[in-house]
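Q: To start, I am sharing the structure in question, which I have written as structure tokens.
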Amino acid sequence: MDSPASQIPLVVDLDGTLIRTDLMWESLSRLLRRNPLALFQILFWWSRGRALLKQKLAARVRVDPSTLPYHEKFLAWLREEKAAGRKLILATASDVKMARPVADHVGLFDEVLASDGRTNLRSENKLRALTEKFGERGFDYAGNSTADYAVWRGSRQAVVVNASPAVLAQAAHCTRLGPAFCDHYSSLEIARSVSRELFWRSGYLLAVLAGMLLAGAFPKTSLAGFAWIAPALLLLAARGKRGADAFRVGYIGGLAFWLTSLYWLLFMPVTGFPILGWMALGAYLAVYFGIWVWFVASAEFPGSSWSGRVIWMFTGAAAWVGLEMLRGWLFTGFPWSFLGVSQYKLVPLIQIASITGVYGVSFVVAWFSLALYAAAEMIYRHPARRHAWQAEIAVPIFGIVLLFVGGMFWINHNFRTARARNPDERLRVVSIQPSVPQTLIWSEDDDEKRFGALLAASQQAMTNRPDLLLWPESAVPTFDGVYSLISHFAESNHVAIIFNGDDVDFSATATNFYNSAFIIQTNGVCNGIYHKQKLVIFGEYVPLANWLPFLKWLTPIEGGWTPGDRPVVFQLSDWNKTKSSHENVIRIGDNFSSSERAQPVKLAPLICFEDVFPAVARKVAATDSPDLMVNLTNDGWFGNSAEQWQHLANAVFRAVENGIPLVRSANNGITGWIDECGRVRQFFQNAHGSEYGAGSLLMEIPVRTASDKNPETFYQRHGDWFGWGCLMIFGLTMTIHRQRLWRKRG
């Protein structure tokens, strides 16, 4: 005969039964919310067993029992059972340090059985512990999941709570079925709770959206308008947060931006290294986003003072620019995809870069985005004031309109001046785009074949009668053995050639290898060599390799290059001043019937990513007043991706900053030229309309005489004054802010 129910202990599961969620997942979400990088620790703990994972989580995360979603109907029944004198035991797979606070909060349980770091009290383990304590079928058990089948088989009666119809039916096969509390069951309850904690309450979901929108502002999508709202969304995601919480929101947003926009790093044809570099670089660069959100969110929003909000916007925009400046300089610098670069197609707006550098455009975009945030805040705080938002965005809009109008006047002034001077001098440049995959560039067996193809494509392009022939970086397999062929080609076709190759310098103390650019004149003589100054970290050299040799394992390169110590300007003296190719030009011997021998053209070479670094291009442009900057690059490392267009967008600002056209010769895109106002005048497309294919591009680039040249830009004369100034404002404001906090704590 069965004992009365009040004499049979009732064992209650915690996760999914007493509460509608799971303490392990609640703890996981809270830990990841506090520190997203803890994911790596979590995976390590999990690999050593769930019991250890739960113990580690319990030691690091405290979940407030009062905030948990209890199953109220079931809890009311437990109170009735307790009042009837029944013994209640909480038996859970959660760690004991997680379970006891819940039991204390509920105040109904006589005893708590839980995991202890060694044993995961679940399924068979739970049944074994309960049978040893109460005997076979000496207890009733309240559970909710398939993991409870084993416990129900050893229990007197099954109480089913918050379970699916399938679990309820199976429980009836395990033992006698008791009360059931399955109203409003949802299999997504745990997922919803974790998502609310990890993504919504944390602000991470909105931060990820902001980061991905910002990535969409850059090529190839080039939806530039997203850049004007993304910083505001980042701040909105961090609204109400301070300190480390705000930093984490910004970090997650930055990580989403960088991992999305730098996806092309995964296309590098090297096993293992691309994903490591992609993750490591993204993790490092996201720190700057985190610092910015922490800084702006930590400054109290001056809701009652319009002038205070204007200052808040200005300091926030200065902080963004200052951090960009720091990013472009620290650890050799990574000045890729500054906020202002996203606006490279808005030619009137970007003319401000001739004064401030690209940093001025970044400032304007960040300033306007902060104004949008301020406008949203004022609407939220004063919903009855219909026009509260207008005062916030009036000044930024007025400033942007002035910049657009001023930029249009500046462009029009350059155009009118050029027409008045009637500059007939046009340098005819042909650039060969071989579109050779990086794997073939590394294959010495294919060197002769691909060099032959390069010469054949160049010979075909000679029908355009160019003055200058450009070959991109890595187009020439080796300098030794091909110099005579290149020299003969230049002399026989009466064309100067600029190409890339390796140079070596032997000395008594060292042998230095340089990534170099060479010019072969029309007489077949090489009279100019430029050594690349800004080497690619882990691509062309390994930092601290002599002290930390293990770092070489992180890169596929076997050796390292030596950086050049100065810019060089090539002179092209033997060329013809011609009219446009649309006019009839008849060549007789070495002369044109409608041309005359012109003054030398000065060409400033840049290699690879050097046209991304503002200071490098400025230094080159300030050397001997060049007429053109010439960039030789090999972006074939990254397949046919957005990298080529992002590289071009960055290069646009080097032309504007220095007021000098920039010609680009690329392996697989983007080959073309940019005028001094930042307009992309031409870029290569093959017969199928692809900018990544093989072929050649003829460019007729106006070359002005010394008297016709525009004066040096303000940026070229004074450099990164605006960027450094913003960094100083950021540092000073942050120092003042920290001092105020210390005074309050004191």
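Labeling convention for the structure tokens: chains A, B, ... as they appear, residues from 1 per chain, ligands from 1 in order of appearance.
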Please provide the set of residues having any atom within 10 Å of Tyr514 in chain A, restricted to only C-alpha atoms, with same-chain residues fewer than 3 positions apart removed, written as a list in words.
A: Gly501, Asp502, Asp503, Val504, Asp505, Ala517, Tyr530, His531, Lys532, Gln533, Leu535, Glu540, Gly560, Trp561, Thr562, Pro563 and Gly564 of chain A
Q: Fewer than 5 positions away in the same chain doesn't count, so skip those; otherwise give me all residues within 10 Å of Leu572 in chain A, counting only C-alpha atoms, as JSON, numbers by chain.
A: {"A": [467, 468, 496, 497, 519, 520, 521, 522, 598, 599, 600, 601, 602, 603]}
Q: Please write the residues from the selection above to a file, keeping N, CA and C atoms, as a short mmCIF file (atom, residue, chain, number, x, y, z; two decimals), in the first residue's frame.
A:
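Contents of out-v2.cif, as written:
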data_model
loop_
_atom_site.label_atom_id
_atom_site.label_comp_id
_atom_site.auth_asym_id
_atom_site.auth_seq_id
_atom_site.Cartn_x
_atom_site.Cartn_y
_atom_site.Cartn_z
N ASP A 467 53.80 57.33 -73.87
CA ASP A 467 55.07 57.88 -73.42
C ASP A 467 55.63 57.07 -72.25
N LEU A 468 54.74 56.46 -71.48
CA LEU A 468 55.14 55.76 -70.27
C LEU A 468 54.34 54.46 -70.16
N ALA A 496 59.26 54.82 -71.99
CA ALA A 496 59.82 54.64 -70.65
C ALA A 496 58.96 53.63 -69.89
N ILE A 497 59.61 52.87 -69.00
CA ILE A 497 58.90 51.83 -68.24
C ILE A 497 59.19 52.02 -66.75
N ILE A 519 62.87 52.80 -63.02
CA ILE A 519 62.45 53.44 -64.27
C ILE A 519 63.51 53.18 -65.33
N ILE A 520 63.06 52.67 -66.44
CA ILE A 520 63.92 52.49 -67.62
C ILE A 520 63.52 53.57 -68.61
N GLN A 521 64.48 54.40 -69.01
CA GLN A 521 64.18 55.48 -69.93
C GLN A 521 64.05 54.96 -71.36
N THR A 522 63.65 55.83 -72.26
CA THR A 522 63.43 55.42 -73.65
C THR A 522 64.70 54.96 -74.35
N ALA A 598 58.64 68.22 -74.83
CA ALA A 598 58.18 68.93 -73.63
C ALA A 598 59.22 68.85 -72.53
N GLN A 599 58.98 69.64 -71.49
CA GLN A 599 59.85 69.63 -70.32
C GLN A 599 59.71 68.31 -69.58
N PRO A 600 60.68 67.94 -68.74
CA PRO A 600 60.61 66.66 -68.02
C PRO A 600 59.38 66.59 -67.11
N VAL A 601 58.85 65.39 -67.01
CA VAL A 601 57.75 65.11 -66.09
C VAL A 601 58.34 64.42 -64.87
N LYS A 602 57.94 64.89 -63.70
CA LYS A 602 58.43 64.32 -62.45
C LYS A 602 57.39 63.36 -61.89
N LEU A 603 57.85 62.14 -61.62
CA LEU A 603 56.96 61.07 -61.19
C LEU A 603 57.43 60.56 -59.82
#
Q: Can you tell me which residues surround Leu323 in chain A at a distance of at most 12 Å, considering only C-alpha atoms, apart from same-chain residues fewer than 6 positions away, and format the answer as a VMD selection string?
A: chain A and resid 285 to 293 295 316 to 317 329 to 330 333 to 335 338 to 339 359 362 to 363 723 to 731
Q: Emit the selected residues as a short mmCIF file (atom, residue, chain, number, x, y, z; two decimals), in the first residue's frame, including N, CA and C atoms.
A:
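For reference, result05.cif as written:
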data_model
loop_
_atom_site.label_atom_id
_atom_site.label_comp_id
_atom_site.auth_asym_id
_atom_site.auth_seq_id
_atom_site.Cartn_x
_atom_site.Cartn_y
_atom_site.Cartn_z
N LEU A 285 41.83 46.10 -33.75
CA LEU A 285 41.25 47.35 -34.24
C LEU A 285 39.94 47.70 -33.53
N ALA A 286 39.22 46.69 -33.06
CA ALA A 286 37.96 46.94 -32.35
C ALA A 286 38.19 47.69 -31.04
N VAL A 287 39.40 47.64 -30.51
CA VAL A 287 39.70 48.34 -29.26
C VAL A 287 39.45 49.84 -29.42
N TYR A 288 39.76 50.40 -30.58
CA TYR A 288 39.59 51.83 -30.79
C TYR A 288 38.11 52.22 -30.74
N PHE A 289 37.26 51.37 -31.29
CA PHE A 289 35.82 51.63 -31.20
C PHE A 289 35.36 51.57 -29.75
N GLY A 290 35.88 50.58 -29.01
CA GLY A 290 35.51 50.46 -27.61
C GLY A 290 35.91 51.68 -26.80
N ILE A 291 37.10 52.18 -27.05
CA ILE A 291 37.57 53.36 -26.33
C ILE A 291 36.68 54.56 -26.65
N TRP A 292 36.30 54.72 -27.91
CA TRP A 292 35.48 55.88 -28.29
C TRP A 292 34.12 55.83 -27.62
N VAL A 293 33.46 54.67 -27.67
CA VAL A 293 32.13 54.57 -27.04
C VAL A 293 32.26 54.77 -25.54
N PHE A 295 34.44 56.57 -23.97
CA PHE A 295 34.73 57.98 -23.72
C PHE A 295 33.47 58.83 -23.85
N GLY A 316 33.33 64.68 -28.94
CA GLY A 316 33.11 63.32 -29.41
C GLY A 316 33.67 63.09 -30.80
N ALA A 317 33.45 64.07 -31.70
CA ALA A 317 34.00 63.96 -33.06
C ALA A 317 35.52 64.04 -33.03
N TRP A 329 49.10 55.49 -36.64
CA TRP A 329 50.50 55.70 -36.26
C TRP A 329 51.06 54.59 -35.38
N LEU A 330 50.26 54.07 -34.45
CA LEU A 330 50.73 53.12 -33.44
C LEU A 330 51.05 51.76 -34.08
N GLY A 333 51.21 51.52 -37.70
CA GLY A 333 50.02 52.14 -38.24
C GLY A 333 49.18 51.25 -39.14
N PHE A 334 47.85 51.46 -39.06
CA PHE A 334 46.90 50.81 -39.96
C PHE A 334 45.83 51.83 -40.32
N PRO A 335 46.16 52.77 -41.23
CA PRO A 335 45.22 53.85 -41.57
C PRO A 335 44.21 53.44 -42.64
N PHE A 338 39.43 54.83 -42.68
CA PHE A 338 39.00 55.88 -41.77
C PHE A 338 37.55 56.24 -42.12
N LEU A 339 36.83 56.78 -41.17
CA LEU A 339 35.42 57.10 -41.37
C LEU A 339 35.22 57.98 -42.60
N TYR A 359 41.22 63.34 -42.16
CA TYR A 359 40.69 63.46 -40.80
C TYR A 359 39.57 64.49 -40.72
N SER A 362 36.38 62.76 -41.70
CA SER A 362 35.96 61.90 -40.58
C SER A 362 35.29 62.72 -39.49
N PHE A 363 35.85 63.88 -39.19
CA PHE A 363 35.30 64.74 -38.15
C PHE A 363 33.88 65.17 -38.50
N GLY A 723 44.63 66.14 -37.36
CA GLY A 723 44.57 64.85 -36.67
C GLY A 723 45.25 64.88 -35.32
N TRP A 724 46.46 65.46 -35.27
CA TRP A 724 47.18 65.54 -34.00
C TRP A 724 46.46 66.46 -33.02
N GLY A 725 45.86 67.53 -33.55
CA GLY A 725 45.11 68.45 -32.70
C GLY A 725 43.92 67.75 -32.06
N CYS A 726 43.20 66.94 -32.85
CA CYS A 726 42.07 66.19 -32.30
C CYS A 726 42.53 65.19 -31.25
N LEU A 727 43.68 64.57 -31.47
CA LEU A 727 44.21 63.63 -30.49
C LEU A 727 44.55 64.35 -29.19
N MET A 728 45.07 65.56 -29.29
CA MET A 728 45.38 66.34 -28.09
C MET A 728 44.10 66.72 -27.35
N ILE A 729 43.06 67.11 -28.10
CA ILE A 729 41.77 67.44 -27.47
C ILE A 729 41.20 66.22 -26.76
N PHE A 730 41.28 65.09 -27.42
CA PHE A 730 40.79 63.84 -26.82
C PHE A 730 41.54 63.52 -25.53
N GLY A 731 42.87 63.61 -25.58
CA GLY A 731 43.67 63.31 -24.40
C GLY A 731 43.40 64.28 -23.26
#
Q: Excluding Ser66 in chain A and residues on its chain fewer than 3 positions from it, collect all residues at most 12 Å away from it, counting only C-alpha atoms, and give them as a list of chain:residue names.
A: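 Residues near the query, excluding close chain neighbours: A:Ile19, A:Arg62, A:Val63, A:Pro69, A:Tyr70, A:Pro101, A:Val102, A:Ala103, A:Asp104, A:His105, A:Val106.
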Q: Which residues, written as a ChimeraX atom specification, have at least one atom at most 9 Å from range 610-621 of chain A, with only C-alpha atoms counted and residues fewer than 3 positions away on the same chain left out?
A: /A:328,333-336,357-358,532-535,566-569,604-607,624-629,631,647-648,650-655,657-660,715-717,719-720
Q: How about saving the chosen residues, C-alpha atoms kept, as a short mmCIF file (atom, residue, chain, number, x, y, z; two decimals), in the first residue's frame?
A:
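In the end it all went to selection-v4.cif:
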data_model
loop_
_atom_site.label_atom_id
_atom_site.label_comp_id
_atom_site.auth_asym_id
_atom_site.auth_seq_id
_atom_site.Cartn_x
_atom_site.Cartn_y
_atom_site.Cartn_z
CA GLY A 328 47.29 55.22 -38.22
CA GLY A 333 50.02 52.14 -38.24
CA PHE A 334 46.90 50.81 -39.96
CA PRO A 335 45.22 53.85 -41.57
CA TRP A 336 42.70 51.73 -43.47
CA GLY A 357 43.65 65.63 -44.52
CA VAL A 358 41.12 62.80 -44.53
CA LYS A 532 59.74 51.10 -50.52
CA GLN A 533 59.66 52.92 -47.19
CA LYS A 534 56.51 51.58 -45.50
CA LEU A 535 56.73 47.81 -45.26
CA ARG A 566 63.83 58.47 -48.42
CA PRO A 567 61.40 59.28 -51.23
CA VAL A 568 62.65 59.44 -54.79
CA VAL A 569 61.31 61.33 -57.80
CA ALA A 604 56.85 60.11 -57.49
CA PRO A 605 56.62 56.32 -57.06
CA LEU A 606 54.72 54.54 -54.29
CA ILE A 607 54.57 50.78 -53.80
CA ASP A 624 60.99 68.03 -55.79
CA SER A 625 57.40 69.04 -56.71
CA PRO A 626 56.30 65.93 -58.65
CA ASP A 627 53.71 66.15 -61.41
CA LEU A 628 52.21 62.74 -60.68
CA MET A 629 52.25 60.12 -57.98
CA ASN A 631 51.42 53.62 -57.27
CA HIS A 647 42.35 50.47 -51.55
CA LEU A 648 41.25 52.84 -54.32
CA ASN A 650 41.87 55.33 -49.54
CA ALA A 651 44.12 56.43 -52.41
CA VAL A 652 41.61 59.09 -53.52
CA PHE A 653 42.48 61.15 -50.44
CA ARG A 654 46.21 61.16 -51.17
CA ALA A 655 45.48 63.01 -54.42
CA GLU A 657 45.48 66.10 -49.74
CA ASN A 658 48.47 66.93 -51.92
CA GLY A 659 46.73 68.44 -54.97
CA ILE A 660 48.56 66.01 -57.25
CA TYR A 715 47.82 69.96 -45.86
CA GLN A 716 51.02 69.45 -47.82
CA ARG A 717 52.62 72.42 -46.08
CA GLY A 719 50.73 67.89 -42.51
CA ASP A 720 48.50 66.15 -39.99
#
